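Chemist: Supplied structure: target-v7.cif, mmCIF, C-alpha atoms and all ligand atoms.
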```
data_protein
#
loop_
_atom_site.label_atom_id
_atom_site.label_comp_id
_atom_site.auth_asym_id
_atom_site.auth_seq_id
_atom_site.Cartn_x
_atom_site.Cartn_y
_atom_site.Cartn_z
CA MET K 1 0.00 0.00 0.00
CA THR K 2 1.34 3.45 -0.85
CA ASP K 3 1.48 6.18 1.78
CA PRO K 4 -1.40 8.63 1.63
CA ALA K 5 -0.44 12.03 0.15
CA PRO K 6 0.96 14.35 2.84
CA ARG K 7 -1.66 16.72 4.25
CA PHE K 8 -1.03 20.30 5.21
CA ARG K 9 -2.87 22.91 7.22
CA ASP K 10 -5.36 24.97 5.24
CA LYS K 11 -4.95 28.10 7.45
CA PRO K 12 -1.83 30.18 8.14
CA VAL K 13 -0.33 29.67 11.61
CA SER K 14 0.97 32.42 13.86
CA PHE K 15 4.50 31.01 14.10
CA VAL K 16 7.45 29.85 12.08
CA ARG K 17 9.00 26.93 13.87
CA ARG K 18 12.55 27.80 14.82
CA SER K 19 14.96 25.08 13.81
CA GLY K 20 17.65 26.16 16.31
CA ARG K 21 19.33 23.20 17.97
CA MET K 22 18.67 22.57 21.63
CA SER K 23 21.61 22.77 24.00
CA ASP K 24 22.76 19.54 25.68
CA ALA K 25 21.03 20.64 28.89
CA GLN K 26 17.82 21.25 26.96
CA GLU K 27 18.06 17.85 25.23
CA ARG K 28 18.56 16.21 28.63
CA ALA K 29 15.64 18.19 30.05
CA TRP K 30 13.46 16.97 27.23
CA GLN K 31 14.40 13.34 27.80
CA ASP K 32 14.18 13.42 31.59
CA LEU K 33 11.38 15.87 32.25
CA ALA K 34 9.02 15.73 29.26
CA PRO K 35 7.41 12.45 30.37
CA HIS K 36 6.22 14.27 33.50
CA TYR K 37 5.51 17.77 32.21
CA VAL K 38 4.56 17.49 28.53
CA ILE K 39 1.08 16.25 27.73
CA ASP K 40 0.83 13.69 24.93
CA VAL K 41 -1.16 15.05 22.01
CA GLU K 42 -2.64 13.09 19.14
CA ARG K 43 -1.68 14.87 15.91
CA ASP K 44 -3.56 15.64 12.75
CA ALA K 45 -1.97 17.11 9.60
CA ALA K 46 1.11 18.75 11.10
CA ALA K 47 3.66 18.04 13.84
CA THR K 48 2.18 20.73 16.10
CA SER K 49 -1.48 20.01 15.28
CA VAL K 50 -4.15 18.51 17.52
CA ARG K 51 -6.38 15.77 16.15
CA PRO K 52 -10.02 16.93 16.22
CA GLY K 53 -12.07 14.94 18.67
CA THR K 54 -9.18 14.42 21.10
CA SER K 55 -9.18 16.25 24.41
CA ILE K 56 -7.67 16.13 27.88
CA ASP K 57 -9.36 15.95 31.25
CA PRO K 58 -7.57 18.60 33.36
CA ALA K 59 -8.54 16.81 36.60
CA THR K 60 -6.75 13.67 35.37
CA VAL K 61 -3.75 15.59 34.05
CA PHE K 62 -3.22 17.51 37.31
CA GLY K 63 -4.58 14.87 39.67
CA ARG K 64 -7.04 17.32 41.21
CA ARG K 65 -9.70 19.90 40.36
CA ALA K 66 -8.36 23.45 40.59
CA PRO K 67 -8.78 26.71 38.68
CA LEU K 68 -6.88 26.42 35.39
CA VAL K 69 -4.72 29.17 33.86
CA VAL K 70 -3.52 28.66 30.26
CA GLU K 71 -0.70 30.71 28.75
CA ILE K 72 -0.42 30.74 24.97
CA GLY K 73 3.06 31.36 23.58
CA SER K 74 4.80 30.91 26.92
CA GLY K 75 8.26 31.29 25.32
CA GLN K 76 10.99 30.48 27.85
CA GLY K 77 8.32 30.06 30.53
CA HIS K 78 9.38 32.92 32.79
CA ALA K 79 5.85 34.22 33.38
CA ILE K 80 4.16 30.87 33.86
CA VAL K 81 6.81 29.28 36.11
CA HIS K 82 6.72 32.38 38.29
CA ALA K 83 2.92 32.38 38.38
CA ALA K 84 2.69 28.64 39.13
CA THR K 85 5.13 29.05 42.02
CA ALA K 86 3.19 32.02 43.39
CA ALA K 87 -0.23 30.32 43.18
CA PRO K 88 0.03 26.65 44.20
CA GLU K 89 -3.77 26.51 44.55
CA ARG K 90 -4.18 26.97 40.76
CA ASP K 91 -3.10 24.77 37.86
CA PHE K 92 -1.14 26.15 34.88
CA LEU K 93 -0.82 24.97 31.29
CA ALA K 94 1.85 26.40 28.97
CA VAL K 95 1.09 26.17 25.24
CA GLU K 96 4.13 26.69 23.02
CA VAL K 97 5.57 25.35 19.76
CA PHE K 98 9.17 26.37 20.47
CA ARG K 99 10.80 23.21 21.81
CA ALA K 100 13.88 24.85 23.32
CA GLY K 101 11.55 27.24 25.18
CA LEU K 102 9.56 24.31 26.54
CA ALA K 103 12.80 22.64 27.67
CA ARG K 104 13.87 25.85 29.46
CA THR K 105 10.44 26.01 31.11
CA MET K 106 10.76 22.44 32.41
CA LEU K 107 14.28 23.03 33.73
CA ASP K 108 13.11 26.07 35.70
CA ALA K 109 9.96 24.31 36.92
CA ASP K 110 11.99 21.31 38.04
CA ARG K 111 14.55 23.52 39.82
CA ASP K 112 11.74 25.30 41.67
CA GLY K 113 9.83 22.08 42.48
CA VAL K 114 6.72 23.30 40.67
CA ALA K 115 3.98 20.66 40.86
CA ASN K 116 1.03 22.54 39.31
CA LEU K 117 2.38 23.09 35.77
CA ARG K 118 2.07 21.08 32.55
CA LEU K 119 3.11 21.87 28.98
CA VAL K 120 1.59 21.29 25.56
CA GLU K 121 3.68 21.42 22.39
CA ALA K 122 0.99 22.43 19.91
CA ASN K 123 -0.60 25.17 17.85
CA ALA K 124 -2.68 27.23 20.28
CA PRO K 125 -5.90 27.65 18.22
CA GLU K 126 -6.14 23.86 17.93
CA VAL K 127 -5.54 23.50 21.67
CA LEU K 128 -8.44 25.90 22.34
CA GLU K 129 -10.68 24.24 19.78
CA HIS K 130 -10.03 20.58 20.54
CA LEU K 131 -7.70 19.71 23.40
CA LEU K 132 -9.29 21.74 26.19
CA PRO K 133 -12.83 20.84 27.22
CA ALA K 134 -15.37 23.64 26.69
CA GLY K 135 -15.59 25.92 29.72
CA SER K 136 -12.55 24.34 31.43
CA VAL K 137 -10.29 27.42 31.59
CA ASP K 138 -10.43 30.14 34.25
CA GLU K 139 -7.83 32.46 32.74
CA LEU K 140 -6.23 32.63 29.31
CA TRP K 141 -3.04 34.67 28.88
CA ILE K 142 -1.25 35.84 25.73
CA PHE K 143 1.72 38.06 26.42
CA PHE K 144 3.78 39.53 23.58
CA PRO K 145 2.51 37.31 20.77
CA ASP K 146 4.61 37.64 17.61
CA PRO K 147 3.48 40.99 16.16
CA TRP K 148 3.91 40.14 12.47
CA HIS K 149 4.92 43.71 11.64
CA LYS K 150 4.58 43.65 7.87
CA ALA K 151 1.07 44.19 6.52
CA LYS K 152 1.42 41.16 4.22
CA HIS K 153 2.06 38.98 7.30
CA ASN K 154 -0.76 40.40 9.45
CA LYS K 155 -2.92 37.42 8.49
CA ARG K 156 -0.66 35.31 10.71
CA ARG K 157 -1.60 37.24 13.86
CA LEU K 158 -3.15 35.09 16.57
CA VAL K 159 -5.55 37.70 17.96
CA ALA K 160 -7.66 38.13 14.84
CA PRO K 161 -11.41 37.67 14.21
CA ALA K 162 -11.13 33.85 14.29
CA PHE K 163 -9.66 33.94 17.81
CA PRO K 164 -12.48 35.12 20.17
CA PRO K 165 -14.82 32.18 19.44
CA LEU K 166 -12.00 29.74 20.26
CA ALA K 167 -11.13 31.58 23.47
CA ALA K 168 -14.83 31.80 24.38
CA ARG K 169 -15.21 28.06 23.91
CA ALA K 170 -12.37 27.18 26.25
CA LEU K 171 -13.10 29.78 28.96
CA ARG K 172 -15.71 29.23 31.63
CA ASP K 173 -18.47 31.81 32.11
CA GLY K 174 -16.87 34.81 33.84
CA GLY K 175 -13.40 33.56 32.86
CA VAL K 176 -10.68 36.11 32.10
CA LEU K 177 -8.64 36.78 28.96
CA ARG K 178 -5.43 38.80 29.43
CA LEU K 179 -3.44 40.22 26.52
CA ALA K 180 -0.28 42.32 26.35
CA THR K 181 1.84 43.62 23.50
CA ASP K 182 4.47 46.28 22.82
CA TRP K 183 3.43 46.70 19.19
CA GLU K 184 0.90 49.53 18.89
CA ASP K 185 -0.66 48.42 15.63
CA TYR K 186 -1.28 44.94 17.07
CA ALA K 187 -2.61 46.41 20.34
CA LEU K 188 -5.17 48.40 18.35
CA GLN K 189 -6.08 45.30 16.34
CA MET K 190 -6.53 43.28 19.55
CA ARG K 191 -8.82 45.93 20.99
CA ASP K 192 -10.90 46.14 17.79
CA VAL K 193 -11.18 42.35 17.51
CA MET K 194 -12.27 42.01 21.12
CA ALA K 195 -14.71 44.95 20.88
CA ALA K 196 -16.49 43.06 18.09
CA ALA K 197 -16.60 39.78 20.06
CA ALA K 198 -20.08 39.28 21.53
CA ASP K 199 -18.86 36.69 24.06
CA PHE K 200 -16.49 39.12 25.78
CA ALA K 201 -16.81 42.35 27.75
CA PRO K 202 -13.88 44.64 28.59
CA ALA K 203 -12.81 44.50 32.24
CA PHE K 204 -10.98 47.85 32.23
CA ASP K 205 -11.82 51.53 31.99
CA GLY K 206 -10.23 53.94 29.56
CA ASP K 207 -8.03 53.05 26.61
CA TRP K 208 -5.93 50.26 28.14
CA ALA K 209 -5.93 48.02 31.20
CA PRO K 210 -3.42 48.65 33.99
CA ARG K 211 -0.32 46.45 33.82
CA PHE K 212 -1.24 42.96 35.07
CA ASP K 213 0.80 42.57 38.24
CA GLY K 214 0.95 38.77 37.80
CA ARG K 215 3.01 39.26 34.64
CA VAL K 216 6.76 39.19 35.24
CA MET K 217 9.10 41.19 33.02
CA THR K 218 10.31 39.00 30.14
CA ALA K 219 13.03 39.64 27.55
CA PHE K 220 10.36 40.65 25.05
CA GLU K 221 8.89 43.31 27.31
CA ARG K 222 12.36 44.62 28.21
CA LYS K 223 13.32 44.86 24.54
CA GLY K 224 10.12 46.77 23.75
CA LEU K 225 10.73 49.20 26.61
CA GLN K 226 14.35 49.74 25.53
CA LYS K 227 13.07 50.67 22.09
CA GLY K 228 10.78 53.25 23.71
CA ARG K 229 7.59 51.34 22.97
CA GLU K 230 4.52 51.57 25.16
CA ILE K 231 3.34 48.27 26.64
CA CYS K 232 -0.41 47.82 26.23
CA ASP K 233 -2.38 45.47 28.48
CA LEU K 234 -5.97 44.41 27.80
CA VAL K 235 -8.30 42.29 29.93
CA TYR K 236 -11.73 40.84 29.09
CA ARG K 237 -14.34 38.77 30.87
CA ARG K 238 -16.16 35.94 29.14
CA GLU K 239 -19.89 36.68 29.17
CA PRO K 240 -22.18 34.00 30.64
CA ARG K 241 -23.41 31.47 28.06
CA GLY K 242 -27.05 32.05 27.11
C1 LIG K 301 7.37 36.93 20.99
S1 LIG K 301 7.35 35.40 21.84
C2 LIG K 301 6.84 35.87 23.50
C3 LIG K 301 7.08 34.79 24.51
C4 LIG K 301 6.59 35.11 25.95
N1 LIG K 301 5.15 35.24 26.01
C5 LIG K 301 7.27 36.33 26.51
O1 LIG K 301 6.61 37.34 26.76
O2 LIG K 301 8.49 36.25 26.73
C6 LIG K 301 5.89 34.61 21.18
C7 LIG K 301 5.88 33.11 21.40
O3 LIG K 301 4.62 32.61 20.97
C8 LIG K 301 4.82 31.34 20.39
N2 LIG K 301 3.69 31.09 19.49
C9 LIG K 301 3.31 31.85 18.43
N3 LIG K 301 2.23 31.34 17.85
C10 LIG K 301 1.90 30.23 18.55
C11 LIG K 301 0.86 29.27 18.41
N4 LIG K 301 -0.05 29.36 17.43
N5 LIG K 301 0.79 28.26 19.28
C12 LIG K 301 1.72 28.15 20.28
N6 LIG K 301 2.72 29.04 20.46
C13 LIG K 301 2.81 30.06 19.61
C14 LIG K 301 6.16 31.48 19.66
O4 LIG K 301 6.76 30.22 19.45
C15 LIG K 301 6.93 32.36 20.63
O5 LIG K 301 7.71 31.60 21.54
#
```
Show the structure stored in the file as structure tokens.
Modeler:
Amino acid sequence: MTDPAPRFRDKPVSFVRRSGRMSDAQERAWQDLAPHYVIDVERDAAATSVRPGTSIDPATVFGRRAPLVVEIGSGQGHAIVHAATAAPERDFLAVEVFRAGLARTMLDADRDGVANLRLVEANAPEVLEHLLPAGSVDELWIFFPDPWHKAKHNKRRLVAPAFPPLAARALRDGGVLRLATDWEDYALQMRDVMAAAADFAPAFDGDWAPRFDGRVMTAFERKGLQKGREICDLVYRREPRG
């Protein structure tokens, strides 16, 4: 029997997978720590996809029922490892496609003895659409998503009109969506997209939300500040389901 023709995604994704090699420490972290921290995902067309119809049960994954915080694009994991350490009564899920970043996250979590953190190596929209049960998430965070500066690449941006329905599906009623970026054009797009999303209401007054004090300074934020950019935070509450 011949192999079926390779299948590809039909939508653009918000990342280009970096091919950079992992350091020896990161390779070791992957081998030793991934079996504990990284959730197994059944794949569809691509290596970072999630097969429709497959989902996790957070209570089984974490061995308890606790409020769940999901960070999309967790990078090196600085924000989520810090948050998981500071709030042992909540569970945290890091969603990232950058393997070396996930390895760094596990090394830091292991060093700090963090028990309430798990990682998913997958494309975030598919995680929101398939892997997470509807209404299972208390807070969803996206801090400094890739801005896709050039107009011709804007279609790759994560926080675009297709995003709110996916976030609304995963969040529980009253759940919170937190966004931050240092790229003004993307901040304005985020605010417009969320203003048009019937399932969400802003949870801030004025133009922008105050800086979320649970967000630690990452390299991306520091770089933006050094370049004189303003950091824009936004926060929304998921409206109750009808
Ligand atoms: C600019 S970095 C910011 C990382 C981190 N939030 C911080 O503030 O340091 C954006 C990250 O989002 C990840 N990313 C982008 N699109 C993604 C997607 N669709 N699913 C999962 N991760 C994604 C990238 O791999 C990258 O590590």
Chemist: Go through K:Arg28, K:Arg157, K:Arg229, K:Lys150 and flag the residue nearest ligand LIG 301 (chain K), using only C-alpha atoms and all ligand atoms for the distances.
Modeler: K:Arg157
Chemist: Please identify the residues whose atoms come within 7 Å of ligand LIG 301 (chain K), using all atoms listed in the file, and report them as an NGL selection string.
Modeler: :K and (13-15 or 17 or 72-76 or 78 or 95-98 or 101 or 122-125 or 142-146 or 158 or 218-221)
Chemist: For the residues selected in the previous step, produce a file with C-alpha atoms as a short mmCIF file (atom, residue, chain, number, x, y, z; two decimals), keeping the file's coordinate frame.
Modeler:
```
data_model
loop_
_atom_site.label_atom_id
_atom_site.label_comp_id
_atom_site.auth_asym_id
_atom_site.auth_seq_id
_atom_site.Cartn_x
_atom_site.Cartn_y
_atom_site.Cartn_z
CA VAL K 13 -0.33 29.67 11.61
CA SER K 14 0.97 32.42 13.86
CA PHE K 15 4.50 31.01 14.10
CA ARG K 17 9.00 26.93 13.87
CA ILE K 72 -0.42 30.74 24.97
CA GLY K 73 3.06 31.36 23.58
CA SER K 74 4.80 30.91 26.92
CA GLY K 75 8.26 31.29 25.32
CA GLN K 76 10.99 30.48 27.85
CA HIS K 78 9.38 32.92 32.79
CA VAL K 95 1.09 26.17 25.24
CA GLU K 96 4.13 26.69 23.02
CA VAL K 97 5.57 25.35 19.76
CA PHE K 98 9.17 26.37 20.47
CA GLY K 101 11.55 27.24 25.18
CA ALA K 122 0.99 22.43 19.91
CA ASN K 123 -0.60 25.17 17.85
CA ALA K 124 -2.68 27.23 20.28
CA PRO K 125 -5.90 27.65 18.22
CA ILE K 142 -1.25 35.84 25.73
CA PHE K 143 1.72 38.06 26.42
CA PHE K 144 3.78 39.53 23.58
CA PRO K 145 2.51 37.31 20.77
CA ASP K 146 4.61 37.64 17.61
CA LEU K 158 -3.15 35.09 16.57
CA THR K 218 10.31 39.00 30.14
CA ALA K 219 13.03 39.64 27.55
CA PHE K 220 10.36 40.65 25.05
CA GLU K 221 8.89 43.31 27.31
#
```
Chemist: Would you be able to write out as a list in words which residues have an atom within 6 Å of (7.9, 22.1, 29.6) in the file's coordinates, counting all atoms listed in the file?
Modeler: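 The answer, in the requested form, is Tyr37, Val38, Leu102, Ala103, Thr105, Met106 and Leu119 of chain K.
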Chemist: Using only C-alpha atoms, which of K:His149, K:Arg211, K:Arg191, K:Lys223 sits nearest Tyr236 (chain K)?
Modeler: K:Arg191
Chemist: Name the residues in contact with region 168-181 of chain K at a cut-off of 6 Å, using only C-alpha atoms, excluding same-chain residues fewer than 2 positions from it; report them as a list of chain:residue names.
Modeler: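 After dropping sequence-adjacent residues, the list is K:Leu128, K:Ala134, K:Gly135, K:Ser136, K:Val137, K:Asp138, K:Glu139, K:Leu140, K:Trp141, K:Ile142, K:Phe143, K:Phe144, K:Pro164, K:Pro165, K:Leu166, K:Trp183, K:Ile231, K:Cys232, K:Asp233, K:Leu234, K:Val235, K:Tyr236, K:Arg237, K:Arg238, K:Glu239, K:Pro240.
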Chemist: Just checking: using only C-alpha atoms, which residue out of K:Ala34, K:Val127, K:Ala115, K:Val81 ends up closest to Pro52 (chain K)?
Modeler: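 Looking at the shortest contact to Pro52 (chain K), the residue is K:Val127.
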Chemist: Provide the CA of Arg215 (chain K) to CA of Ala94 (chain K) distance in Å, to one decimal place.
Modeler: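 CA of Ala94 (chain K) lies 14.1 Å from CA of Arg215 (chain K).
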Chemist: Using all atoms listed in the file, which residues sit within 9 Å of region 47-51 of chain K once same-chain residues fewer than 3 positions away are excluded, as a PyMOL selection string?
Modeler: chain K and resi 9+41-44+54-55+97+121-124+126-127+129-131
Chemist: Go ahead and write the residues just picked, C-alpha atoms, as a CSV table (one decimal), keeping the file's coordinate frame.
Modeler:
```csv
chain,number,residue,atom,x,y,z
K,9,ARG,CA,-2.9,22.9,7.2
K,41,VAL,CA,-1.2,15.0,22.0
K,42,GLU,CA,-2.6,13.1,19.1
K,43,ARG,CA,-1.7,14.9,15.9
K,44,ASP,CA,-3.6,15.6,12.8
K,54,THR,CA,-9.2,14.4,21.1
K,55,SER,CA,-9.2,16.2,24.4
K,97,VAL,CA,5.6,25.4,19.8
K,121,GLU,CA,3.7,21.4,22.4
K,122,ALA,CA,1.0,22.4,19.9
K,123,ASN,CA,-0.6,25.2,17.8
K,124,ALA,CA,-2.7,27.2,20.3
K,126,GLU,CA,-6.1,23.9,17.9
K,127,VAL,CA,-5.5,23.5,21.7
K,129,GLU,CA,-10.7,24.2,19.8
K,130,HIS,CA,-10.0,20.6,20.5
K,131,LEU,CA,-7.7,19.7,23.4
```
Chemist: Looking at K:Ala162, K:Ala100, K:Leu132, K:Leu93, which one is nearest to Asp24 (chain K), with distances taken over all atoms listed in the file?
Modeler: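 When distances to Asp24 (chain K) are compared using all atoms listed in the file, the smallest one comes from K:Ala100.
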